[in-house]
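Student: I am attaching a structure below and will ask some questions about it afterwards.
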Amino acid sequence: MSGPALGTRPRLAREVAAGLLRASGVRVAEGDLPDGELLEVGGEVACRISWAGPLGLAVGSEADVQAACGVMHVHGRRYGAPTPLRVDFASVAAGVLAATGALAALRARRAGAAYREVGVSVAQAALLGLAQYLAAATAPDREGAEPAGTGGPPFRAADGAWFELEALAADGWLRFWTGLGVERRVVGRAWLPFQARYGTAACPLPEELFAAARAVGHRRLARIAAECGVELTVAADRPAVLGGMPWRLRAGGAAGAASSPSVLPTRGPLDGVTVVEIARRVQGPLAGRVLALLGATVVRVEPPGGDPLRGVPPMTAGSGAADGGGAVVDGGAAVSARFAALNRGKGVLEADLRSAEGRAAVRELVRGADVLLHSLAPAKVAGLGLDAGTVAALRPGLVYAQASGGGPGLSTDYPVQAHSGLAALLAPDGLPPRPTLLTVCDVLGGLVCAAGAVAALEARERTGRAQHVESSLLSAARLLCGAAGDPGAPDGGVEVCTDLGVLARDPRVAAAFEFGPDGCAFVRAPWEFGT
């Protein structure tokens, strides 16, 4: 990630977009623009990729974008100061978004839409990648908004192995560390920053935990973790795979009547598409958010009472938005700012998937959908009646979009960074593998999942067959591993962001944001579609 002079073009973003489009079966011709890159897609759509797009930022490199748009700031929280991220995260994200927009425009043209061009910028991709952090920083409720303290995992075992831990329940976390002799009060004090690290990008932990880990070999630690229901992932010292196609697309049965766009798009190129989303945390919800930003009607399936993450501070005023059927989703009730950043604009069906009634309600929803997007564990899908074969009978022509971690024990971001070797690439010189606490795999995994779903929709319209698309956090990590380089430095004239709240209200980036009734900032769609 060198720092080229202002005026150079975002070539990596173009290469990523072109590769994804070609692998999706679309013809692509590449060209140059004075201030960016150009792709002629399918002989019908021009795709422009620039550094800043409609934003008033004087940026001309990945390093500039990371500095100006807050990536260095969020990544640097664990180090105590803005720090370059040693992969071209924003450029790769822009390439994925460019391919997504171009595929969506191609599909919409079959419905009679007059889309002829789509533009996206690396800066807008970076801001979308920080959407939940930006919302938290601008929410009026300050609880849990800005973290304090540096450091964090990975841990080192007595035999020198570095490893990540994942504990999704406090009981397992408590049993693991008390089993190593750490006092309960210390373990309890560490749980909150550990649990919150996905939303705060900070994880200051007591030294007693690191000392306890250093006293035991990693094989014994792995046995203890398994007994406690905790996942332990040893960090690779280098990536085994660099790059690659981040989703796998397979054709299914004939789509029949479902294969033809039924309406002329007005809200965006995916207007008329209905998506059922069954997902939690970041990866799946961000994918659904991207599809909603493209104009799709997205309905989330949540447990009775709503997703528990709705109540995680900081809180913001609810939107009172209506779903596709006109029902008010949140009634204007306060909701987590981070949750809102990922789920704004979606409808909700509350259903208990453990009950026959709840499963029946979801199946009925799927009957009228174009896409089923889920991140359910493979072992659970068939028992819920939501496996690909079962839902294909419910809805011929359905796009079945499955998002996962990528393998056993790989269900969340930081273990995937460790396992893939991405953590080794991100570590400062001379240091052992060290994941970024900015959830790059979750974010890119969500973007890749959405891109795969749009590629599947385009393939369905082109071939008349249903599509099954799979993507994962691991495939996203490998895509990033192929974009590693020297950290470089921003141009001397680029101001380094040190406050996301100030950034969101900077007039130069006004085109990237919309604001809730209490001033909470939400990132707008990163594309500009032209006719």
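Identifiers for the structure tokens are assigned positionally: chains receive A, B, ... in sequence, residues are indexed from 1 per chain, and ligands are indexed from 1 in the order shown.
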Which of region 33-238 of chain A end up as strand (DSSP E or B) when DSSP is run on this backbone - answer as a ChimeraX atom specification?
Tutor: /A:33,36-41,45-50,87,117-121,155-156,162-166,231-234
Student: Those same residues, written as a PDB file, in the first residue's frame with N, CA and C atoms?
Tutor:
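selection-v4.pdb, written as the output of this step:
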ATOM      1  N   LEU A  33      -9.734   6.730 -17.181  1.00  0.00           N
ATOM      2  CA  LEU A  33     -10.320   8.058 -17.153  1.00  0.00           C
ATOM      3  C   LEU A  33      -9.289   9.007 -16.548  1.00  0.00           C
ATOM      4  N   GLY A  36      -9.775   8.423 -12.827  1.00  0.00           N
ATOM      5  CA  GLY A  36     -10.208   7.136 -12.312  1.00  0.00           C
ATOM      6  C   GLY A  36     -10.055   6.031 -13.328  1.00  0.00           C
ATOM      7  N   GLU A  37     -10.765   4.934 -13.062  1.00  0.00           N
ATOM      8  CA  GLU A  37     -10.713   3.761 -13.913  1.00  0.00           C
ATOM      9  C   GLU A  37     -12.087   3.542 -14.544  1.00  0.00           C
ATOM     10  N   LEU A  38     -12.099   2.890 -15.699  1.00  0.00           N
ATOM     11  CA  LEU A  38     -13.338   2.671 -16.426  1.00  0.00           C
ATOM     12  C   LEU A  38     -13.435   1.207 -16.821  1.00  0.00           C
ATOM     13  N   LEU A  39     -14.610   0.631 -16.617  1.00  0.00           N
ATOM     14  CA  LEU A  39     -14.913  -0.710 -17.086  1.00  0.00           C
ATOM     15  C   LEU A  39     -16.151  -0.639 -17.973  1.00  0.00           C
ATOM     16  N   GLU A  40     -16.069  -1.244 -19.150  1.00  0.00           N
ATOM     17  CA  GLU A  40     -17.243  -1.407 -20.005  1.00  0.00           C
ATOM     18  C   GLU A  40     -17.776  -2.807 -19.729  1.00  0.00           C
ATOM     19  N   VAL A  41     -18.945  -2.889 -19.145  1.00  0.00           N
ATOM     20  CA  VAL A  41     -19.465  -4.144 -18.611  1.00  0.00           C
ATOM     21  C   VAL A  41     -20.589  -4.675 -19.492  1.00  0.00           C
ATOM     22  N   VAL A  45     -23.010  -1.284 -19.896  1.00  0.00           N
ATOM     23  CA  VAL A  45     -22.896  -0.411 -18.725  1.00  0.00           C
ATOM     24  C   VAL A  45     -21.448   0.030 -18.554  1.00  0.00           C
ATOM     25  N   ALA A  46     -21.253   1.337 -18.374  1.00  0.00           N
ATOM     26  CA  ALA A  46     -19.937   1.876 -18.062  1.00  0.00           C
ATOM     27  C   ALA A  46     -19.809   2.009 -16.554  1.00  0.00           C
ATOM     28  N   CYS A  47     -18.748   1.441 -15.984  1.00  0.00           N
ATOM     29  CA  CYS A  47     -18.522   1.481 -14.541  1.00  0.00           C
ATOM     30  C   CYS A  47     -17.294   2.331 -14.256  1.00  0.00           C
ATOM     31  N   ARG A  48     -17.493   3.439 -13.539  1.00  0.00           N
ATOM     32  CA  ARG A  48     -16.413   4.367 -13.214  1.00  0.00           C
ATOM     33  C   ARG A  48     -15.983   4.168 -11.757  1.00  0.00           C
ATOM     34  N   ILE A  49     -14.696   4.073 -11.526  1.00  0.00           N
ATOM     35  CA  ILE A  49     -14.151   3.925 -10.180  1.00  0.00           C
ATOM     36  C   ILE A  49     -13.135   5.045  -9.959  1.00  0.00           C
ATOM     37  N   SER A  50     -13.368   5.860  -8.937  1.00  0.00           N
ATOM     38  CA  SER A  50     -12.476   6.974  -8.631  1.00  0.00           C
ATOM     39  C   SER A  50     -12.084   6.927  -7.160  1.00  0.00           C
ATOM     40  N   VAL A  87      -3.245  -3.648   4.461  1.00  0.00           N
ATOM     41  CA  VAL A  87      -3.864  -4.200   3.253  1.00  0.00           C
ATOM     42  C   VAL A  87      -4.707  -3.089   2.633  1.00  0.00           C
ATOM     43  N   GLU A 117     -24.647   3.816 -16.798  1.00  0.00           N
ATOM     44  CA  GLU A 117     -23.370   3.918 -16.092  1.00  0.00           C
ATOM     45  C   GLU A 117     -23.583   3.846 -14.590  1.00  0.00           C
ATOM     46  N   VAL A 118     -22.530   3.439 -13.898  1.00  0.00           N
ATOM     47  CA  VAL A 118     -22.521   3.391 -12.445  1.00  0.00           C
ATOM     48  C   VAL A 118     -21.148   3.853 -11.971  1.00  0.00           C
ATOM     49  N   GLY A 119     -21.149   4.691 -10.949  1.00  0.00           N
ATOM     50  CA  GLY A 119     -19.899   5.176 -10.391  1.00  0.00           C
ATOM     51  C   GLY A 119     -19.787   4.820  -8.918  1.00  0.00           C
ATOM     52  N   VAL A 120     -18.582   4.547  -8.473  1.00  0.00           N
ATOM     53  CA  VAL A 120     -18.315   4.273  -7.063  1.00  0.00           C
ATOM     54  C   VAL A 120     -16.918   4.794  -6.753  1.00  0.00           C
ATOM     55  N   SER A 121     -16.697   5.162  -5.507  1.00  0.00           N
ATOM     56  CA  SER A 121     -15.379   5.671  -5.134  1.00  0.00           C
ATOM     57  C   SER A 121     -14.801   4.873  -3.984  1.00  0.00           C
ATOM     58  N   PHE A 155      -3.340 -14.088  22.207  1.00  0.00           N
ATOM     59  CA  PHE A 155      -2.623 -14.566  23.377  1.00  0.00           C
ATOM     60  C   PHE A 155      -1.469 -15.464  22.925  1.00  0.00           C
ATOM     61  N   ARG A 156      -0.483 -15.622  23.815  1.00  0.00           N
ATOM     62  CA  ARG A 156       0.649 -16.499  23.508  1.00  0.00           C
ATOM     63  C   ARG A 156       0.699 -17.641  24.507  1.00  0.00           C
ATOM     64  N   TRP A 162       0.798 -18.434  19.007  1.00  0.00           N
ATOM     65  CA  TRP A 162      -0.129 -17.323  19.196  1.00  0.00           C
ATOM     66  C   TRP A 162      -1.529 -17.779  18.796  1.00  0.00           C
ATOM     67  N   PHE A 163      -2.534 -17.348  19.549  1.00  0.00           N
ATOM     68  CA  PHE A 163      -3.874 -17.833  19.285  1.00  0.00           C
ATOM     69  C   PHE A 163      -4.923 -16.789  19.626  1.00  0.00           C
ATOM     70  N   GLU A 164      -6.077 -16.937  18.961  1.00  0.00           N
ATOM     71  CA  GLU A 164      -7.266 -16.131  19.233  1.00  0.00           C
ATOM     72  C   GLU A 164      -8.282 -16.989  19.979  1.00  0.00           C
ATOM     73  N   LEU A 165      -9.065 -16.356  20.824  1.00  0.00           N
ATOM     74  CA  LEU A 165     -10.171 -17.006  21.501  1.00  0.00           C
ATOM     75  C   LEU A 165     -11.482 -16.406  21.027  1.00  0.00           C
ATOM     76  N   GLU A 166     -12.521 -17.232  20.961  1.00  0.00           N
ATOM     77  CA  GLU A 166     -13.870 -16.729  20.741  1.00  0.00           C
ATOM     78  C   GLU A 166     -14.791 -17.370  21.759  1.00  0.00           C
ATOM     79  N   GLU A 231     -13.913 -21.346  21.447  1.00  0.00           N
ATOM     80  CA  GLU A 231     -13.140 -21.660  20.246  1.00  0.00           C
ATOM     81  C   GLU A 231     -11.740 -21.086  20.356  1.00  0.00           C
ATOM     82  N   LEU A 232     -10.729 -21.917  20.117  1.00  0.00           N
ATOM     83  CA  LEU A 232      -9.331 -21.468  20.110  1.00  0.00           C
ATOM     84  C   LEU A 232      -8.774 -21.677  18.711  1.00  0.00           C
ATOM     85  N   THR A 233      -8.221 -20.623  18.139  1.00  0.00           N
ATOM     86  CA  THR A 233      -7.685 -20.673  16.777  1.00  0.00           C
ATOM     87  C   THR A 233      -6.234 -20.238  16.786  1.00  0.00           C
ATOM     88  N   VAL A 234      -5.351 -21.122  16.376  1.00  0.00           N
ATOM     89  CA  VAL A 234      -3.929 -20.785  16.298  1.00  0.00           C
ATOM     90  C   VAL A 234      -3.696 -19.877  15.100  1.00  0.00           C
TER      91      VAL A 234
END
Student: Using only C-alpha atoms, find each residue in region 54-106 of chain A having at least one atom no more than 12 Å away from region 133-142 of chain A; report its shortest atom-to-atom pair and that distance in Å (one decimal), rows by chain then rising number, as JSON lines.
Tutor:
{"residue": "A:Cys69", "atom": "CA", "partner": "A:Leu134", "partner_atom": "CA", "distance": 10.3}
{"residue": "A:Gly70", "atom": "CA", "partner": "A:Leu134", "partner_atom": "CA", "distance": 9.0}
{"residue": "A:Val71", "atom": "CA", "partner": "A:Tyr133", "partner_atom": "CA", "distance": 10.2}
{"residue": "A:His73", "atom": "CA", "partner": "A:Tyr133", "partner_atom": "CA", "distance": 10.7}
{"residue": "A:Val74", "atom": "CA", "partner": "A:Tyr133", "partner_atom": "CA", "distance": 8.1}
{"residue": "A:His75", "atom": "CA", "partner": "A:Tyr133", "partner_atom": "CA", "distance": 11.2}
{"residue": "A:Arg77", "atom": "CA", "partner": "A:Tyr133", "partner_atom": "CA", "distance": 11.9}
Student: Of the residues A:Asn343, A:Ser355, A:Thr463, A:Gln195, which is the one nearest to Gly383 (chain A), using only C-alpha atoms?
Tutor: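 The closest residue to Gly383 (chain A) is A:Ser355.
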Student: So, counting only C-alpha atoms, which residue among A:Gly42, A:Gly243, A:Gly199, A:Gly217 is closest to Phe339 (chain A)?
Tutor: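 For Phe339 (chain A), the nearest of the given residues is A:Gly199.
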Student: I'd like the interatomic distance between CA of Pro269 (chain A) and CA of Arg248 (chain A), to a tenth of an Å.
Tutor: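 If I compute the distance from CA of Pro269 (chain A) to CA of Arg248 (chain A), I get 22.8 Å.
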Student: Counting only C-alpha atoms, what is within 9 Å of region 101-114 of chain A, bar same-chain residues fewer than 3 positions away, as a PyMOL selection string?
Tutor: chain A and resi 21+26+41-42+44-47+96-98+117-120+260-266+268-271+294+451+454-455+457-459+461-462+527-531
Student: With N, CA, C and O atoms retained, write the just-selected residues as a short mmCIF file (atom, residue, chain, number, x, y, z; two decimals), in the first residue's frame.
Tutor:
data_model
loop_
_atom_site.label_atom_id
_atom_site.label_comp_id
_atom_site.auth_asym_id
_atom_site.auth_seq_id
_atom_site.Cartn_x
_atom_site.Cartn_y
_atom_site.Cartn_z
N LEU A 21 -16.33 -9.62 -12.12
CA LEU A 21 -17.31 -9.59 -13.21
C LEU A 21 -17.03 -10.69 -14.22
O LEU A 21 -17.95 -11.39 -14.66
N VAL A 26 -19.55 -12.30 -17.17
CA VAL A 26 -19.87 -11.05 -17.85
C VAL A 26 -18.64 -10.55 -18.61
O VAL A 26 -17.52 -10.56 -18.09
N VAL A 41 -18.94 -2.89 -19.15
CA VAL A 41 -19.47 -4.14 -18.61
C VAL A 41 -20.59 -4.67 -19.49
O VAL A 41 -21.61 -4.00 -19.69
N GLY A 42 -20.40 -5.87 -20.03
CA GLY A 42 -21.42 -6.51 -20.84
C GLY A 42 -21.78 -5.74 -22.09
O GLY A 42 -22.84 -6.00 -22.69
N GLU A 44 -22.87 -2.89 -22.20
CA GLU A 44 -24.07 -2.09 -21.95
C GLU A 44 -23.89 -1.04 -20.86
O GLU A 44 -24.57 -0.01 -20.89
N VAL A 45 -23.01 -1.28 -19.90
CA VAL A 45 -22.90 -0.41 -18.73
C VAL A 45 -21.45 0.03 -18.55
O VAL A 45 -20.52 -0.79 -18.60
N ALA A 46 -21.25 1.34 -18.37
CA ALA A 46 -19.94 1.88 -18.06
C ALA A 46 -19.81 2.01 -16.55
O ALA A 46 -20.67 2.61 -15.90
N CYS A 47 -18.75 1.44 -15.98
CA CYS A 47 -18.52 1.48 -14.54
C CYS A 47 -17.29 2.33 -14.26
O CYS A 47 -16.18 2.01 -14.69
N VAL A 96 -15.29 -4.56 -5.05
CA VAL A 96 -16.45 -5.42 -4.84
C VAL A 96 -17.74 -4.64 -5.08
O VAL A 96 -18.68 -5.12 -5.74
N LEU A 97 -17.81 -3.42 -4.55
CA LEU A 97 -19.01 -2.60 -4.72
C LEU A 97 -19.22 -2.20 -6.19
O LEU A 97 -20.35 -2.12 -6.66
N ALA A 98 -18.12 -1.94 -6.91
CA ALA A 98 -18.24 -1.61 -8.33
C ALA A 98 -18.84 -2.77 -9.11
O ALA A 98 -19.74 -2.59 -9.94
N GLU A 117 -24.65 3.82 -16.80
CA GLU A 117 -23.37 3.92 -16.09
C GLU A 117 -23.58 3.85 -14.59
O GLU A 117 -24.67 4.13 -14.08
N VAL A 118 -22.53 3.44 -13.90
CA VAL A 118 -22.52 3.39 -12.45
C VAL A 118 -21.15 3.85 -11.97
O VAL A 118 -20.13 3.51 -12.56
N GLY A 119 -21.15 4.69 -10.95
CA GLY A 119 -19.90 5.18 -10.39
C GLY A 119 -19.79 4.82 -8.92
O GLY A 119 -20.79 4.78 -8.19
N VAL A 120 -18.58 4.55 -8.47
CA VAL A 120 -18.32 4.27 -7.06
C VAL A 120 -16.92 4.79 -6.75
O VAL A 120 -16.07 4.88 -7.65
N SER A 260 -38.13 -13.39 -14.55
CA SER A 260 -38.28 -12.13 -15.27
C SER A 260 -38.56 -10.98 -14.31
O SER A 260 -39.46 -11.06 -13.49
N PRO A 261 -37.77 -9.89 -14.36
CA PRO A 261 -38.09 -8.73 -13.54
C PRO A 261 -39.51 -8.26 -13.81
O PRO A 261 -39.94 -8.17 -14.95
N SER A 262 -40.25 -7.99 -12.75
CA SER A 262 -41.68 -7.71 -12.91
C SER A 262 -42.03 -6.23 -12.89
O SER A 262 -43.14 -5.86 -13.23
N VAL A 263 -41.07 -5.38 -12.47
CA VAL A 263 -41.39 -3.96 -12.39
C VAL A 263 -40.25 -3.16 -12.97
O VAL A 263 -39.11 -3.61 -13.02
N LEU A 264 -40.56 -1.98 -13.44
CA LEU A 264 -39.54 -1.05 -13.88
C LEU A 264 -38.91 -0.41 -12.65
O LEU A 264 -39.61 0.23 -11.86
N PRO A 265 -37.60 -0.57 -12.43
CA PRO A 265 -36.99 -0.07 -11.20
C PRO A 265 -37.11 1.44 -11.08
O PRO A 265 -36.86 2.18 -12.03
N THR A 266 -37.51 1.89 -9.90
CA THR A 266 -37.56 3.32 -9.61
C THR A 266 -36.76 3.66 -8.36
O THR A 266 -36.16 4.73 -8.28
N GLY A 268 -34.15 1.97 -7.32
CA GLY A 268 -32.80 1.49 -7.53
C GLY A 268 -32.84 0.27 -8.40
O GLY A 268 -33.91 -0.26 -8.70
N PRO A 269 -31.70 -0.23 -8.84
CA PRO A 269 -31.69 -1.33 -9.80
C PRO A 269 -32.27 -2.64 -9.26
O PRO A 269 -32.61 -3.52 -10.06
N LEU A 270 -32.39 -2.80 -7.95
CA LEU A 270 -33.01 -4.00 -7.40
C LEU A 270 -34.44 -3.77 -6.93
O LEU A 270 -35.00 -4.59 -6.20
N ASP A 271 -35.04 -2.67 -7.35
CA ASP A 271 -36.45 -2.45 -7.04
C ASP A 271 -37.26 -3.61 -7.61
O ASP A 271 -37.05 -4.03 -8.75
N LEU A 294 -29.56 -0.89 -2.76
CA LEU A 294 -29.74 -1.02 -4.20
C LEU A 294 -31.21 -1.04 -4.61
O LEU A 294 -31.52 -1.15 -5.80
N ALA A 451 -22.59 -9.04 -3.14
CA ALA A 451 -22.17 -9.11 -4.54
C ALA A 451 -22.51 -10.46 -5.14
O ALA A 451 -22.99 -10.55 -6.29
N VAL A 454 -26.21 -10.59 -5.92
CA VAL A 454 -26.56 -9.83 -7.13
C VAL A 454 -26.07 -10.57 -8.38
O VAL A 454 -26.76 -10.62 -9.41
N ALA A 455 -24.86 -11.16 -8.28
CA ALA A 455 -24.37 -11.97 -9.41
C ALA A 455 -25.32 -13.13 -9.69
O ALA A 455 -25.58 -13.47 -10.85
N LEU A 457 -28.60 -13.16 -9.02
CA LEU A 457 -29.81 -12.59 -9.63
C LEU A 457 -29.59 -12.33 -11.13
O LEU A 457 -30.44 -12.63 -11.96
N GLU A 458 -28.42 -11.76 -11.45
CA GLU A 458 -28.12 -11.48 -12.85
C GLU A 458 -28.02 -12.78 -13.65
O GLU A 458 -28.54 -12.87 -14.77
N ALA A 459 -27.40 -13.81 -13.07
CA ALA A 459 -27.28 -15.09 -13.75
C ALA A 459 -28.65 -15.75 -13.92
O ALA A 459 -28.91 -16.40 -14.94
N GLU A 461 -31.51 -14.20 -14.37
CA GLU A 461 -32.21 -13.53 -15.47
C GLU A 461 -31.59 -13.92 -16.82
O GLU A 461 -32.29 -14.05 -17.82
N ARG A 462 -30.28 -14.13 -16.81
CA ARG A 462 -29.58 -14.43 -18.07
C ARG A 462 -29.78 -15.88 -18.51
O ARG A 462 -29.86 -16.17 -19.70
N TRP A 527 -23.14 4.20 -4.61
CA TRP A 527 -23.14 4.22 -6.08
C TRP A 527 -23.83 5.48 -6.62
O TRP A 527 -24.74 6.02 -5.99
N GLU A 528 -23.43 5.88 -7.79
CA GLU A 528 -24.14 6.89 -8.59
C GLU A 528 -24.54 6.22 -9.90
O GLU A 528 -23.67 5.84 -10.69
N PHE A 529 -25.84 6.03 -10.10
CA PHE A 529 -26.32 5.40 -11.33
C PHE A 529 -26.76 6.49 -12.31
O PHE A 529 -27.43 7.45 -11.93
N GLY A 530 -26.36 6.33 -13.56
CA GLY A 530 -26.71 7.31 -14.59
C GLY A 530 -27.38 6.64 -15.77
O GLY A 530 -27.21 5.45 -16.02
N THR A 531 -28.16 7.43 -16.50
CA THR A 531 -28.87 6.91 -17.68
C THR A 531 -28.35 7.58 -18.95
O THR A 531 -27.61 8.55 -18.90
#
Student: Using only C-alpha atoms for the distances, tell me which of A:Gly160, A:Gly152, A:Gly253, A:Leu85 is nearest to His218 (chain A).
Tutor: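 Using only C-alpha atoms, His218 (chain A) sits closest to A:Gly160.
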Student: I'd like to know which of A:Tyr400, A:Trp247, A:Phe89, A:Tyr414 is closest to Leu437 (chain A), using only C-alpha atoms.
Tutor: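 Ranked by minimum distance to Leu437 (chain A), first place goes to A:Tyr414.
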Student: If you run DSSP on the backbone here, which positions in region 172-266 of chain A get alpha helix (DSSP H)? Please write them as a PyMOL selection string.
Tutor: chain A and resi 172-179+184-200+207-214+218-228
Student: Would you compute the distance between CA of Leu349 (chain A) and CA of Glu364 (chain A)? Give it in Å to one decimal.
Tutor: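 Going from CA of Leu349 (chain A) over to CA of Glu364 (chain A), I get 11.2 Å.
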Student: Between A:Arg78, A:Arg175, A:Arg220, A:Arg184, which residue has the minimum interatomic distance to Glu208 (chain A), considering only C-alpha atoms?
Tutor: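 Of A:Arg78, A:Arg175, A:Arg220, A:Arg184, the one nearest Glu208 (chain A), counting only C-alpha atoms, is A:Arg184.
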Student: Would you pick out the contacts of Arg189 (chain A) at 12 Å or less, using only C-alpha atoms, so that residues sharing its chain but fewer than 2 positions from it are not included, and give the list as a compact mmCIF listing (two decimals) with N, CA and C atoms, in the first residue's frame?
Tutor:
# COMPACT_ATOMS: atom_id res chain seq x y z
N ALA A 170 -20.86 -15.79 28.38
CA ALA A 170 -20.03 -15.45 29.53
C ALA A 170 -19.62 -16.68 30.33
N TRP A 173 -16.48 -18.29 28.88
CA TRP A 173 -15.35 -17.38 29.15
C TRP A 173 -14.90 -17.52 30.60
N LEU A 174 -15.83 -17.53 31.52
CA LEU A 174 -15.51 -17.65 32.94
C LEU A 174 -14.85 -18.99 33.25
N TRP A 177 -11.06 -19.23 31.84
CA TRP A 177 -10.01 -18.49 32.53
C TRP A 177 -9.87 -18.88 34.00
N VAL A 182 -7.14 -17.85 36.93
CA VAL A 182 -7.37 -16.41 37.01
C VAL A 182 -8.56 -16.15 37.94
N GLU A 183 -8.46 -15.14 38.79
CA GLU A 183 -9.53 -14.83 39.73
C GLU A 183 -10.81 -14.43 38.99
N ARG A 184 -11.95 -14.83 39.57
CA ARG A 184 -13.24 -14.54 38.95
C ARG A 184 -13.46 -13.05 38.72
N ARG A 185 -13.04 -12.22 39.65
CA ARG A 185 -13.28 -10.78 39.51
C ARG A 185 -12.49 -10.22 38.32
N VAL A 186 -11.30 -10.76 38.08
CA VAL A 186 -10.50 -10.32 36.94
C VAL A 186 -11.15 -10.78 35.63
N VAL A 187 -11.61 -12.03 35.62
CA VAL A 187 -12.27 -12.57 34.43
C VAL A 187 -13.53 -11.76 34.13
N TRP A 191 -14.63 -9.38 30.65
CA TRP A 191 -15.67 -9.84 29.74
C TRP A 191 -16.28 -8.72 28.92
N LEU A 192 -16.55 -7.58 29.53
CA LEU A 192 -17.22 -6.49 28.81
C LEU A 192 -16.39 -5.99 27.63
N PRO A 193 -15.10 -5.62 27.81
CA PRO A 193 -14.35 -5.17 26.63
C PRO A 193 -14.17 -6.27 25.59
N PHE A 194 -14.06 -7.52 26.04
CA PHE A 194 -13.92 -8.63 25.09
C PHE A 194 -15.19 -8.79 24.27
N GLN A 195 -16.32 -8.76 24.94
CA GLN A 195 -17.60 -8.92 24.25
C GLN A 195 -17.88 -7.75 23.32
N CYS A 203 -9.96 -3.53 22.76
CA CYS A 203 -10.13 -4.67 23.67
C CYS A 203 -9.03 -4.68 24.72
N PRO A 204 -9.01 -3.67 25.61
CA PRO A 204 -8.01 -3.67 26.68
C PRO A 204 -8.34 -4.75 27.71
N LEU A 205 -7.44 -5.70 27.90
CA LEU A 205 -7.66 -6.81 28.82
C LEU A 205 -6.63 -6.81 29.93
N PRO A 206 -6.97 -7.35 31.10
CA PRO A 206 -6.01 -7.41 32.21
C PRO A 206 -4.82 -8.30 31.87
N GLU A 207 -3.65 -7.93 32.34
CA GLU A 207 -2.43 -8.69 32.09
C GLU A 207 -2.53 -10.10 32.65
N GLU A 208 -3.35 -10.30 33.69
CA GLU A 208 -3.46 -11.62 34.28
C GLU A 208 -3.90 -12.68 33.26
N LEU A 209 -4.71 -12.31 32.28
CA LEU A 209 -5.15 -13.27 31.27
C LEU A 209 -3.98 -13.70 30.39
Student: Any idea what's packed within 8 Å of region 510-513 of chain A, counting only C-alpha atoms, ignoring anything in its chain fewer than 5 positions away? Could you give it as a ChimeraX atom specification?
Tutor: /A:54-55,124,127,504-505,521-526
Student: So, counting only C-alpha atoms, which residue among A:Pro435, A:Gly485, A:Pro314, A:Pro415 is closest to Leu473 (chain A)?
Tutor: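 Distance minimum relative to Leu473 (chain A) lands on A:Pro415.
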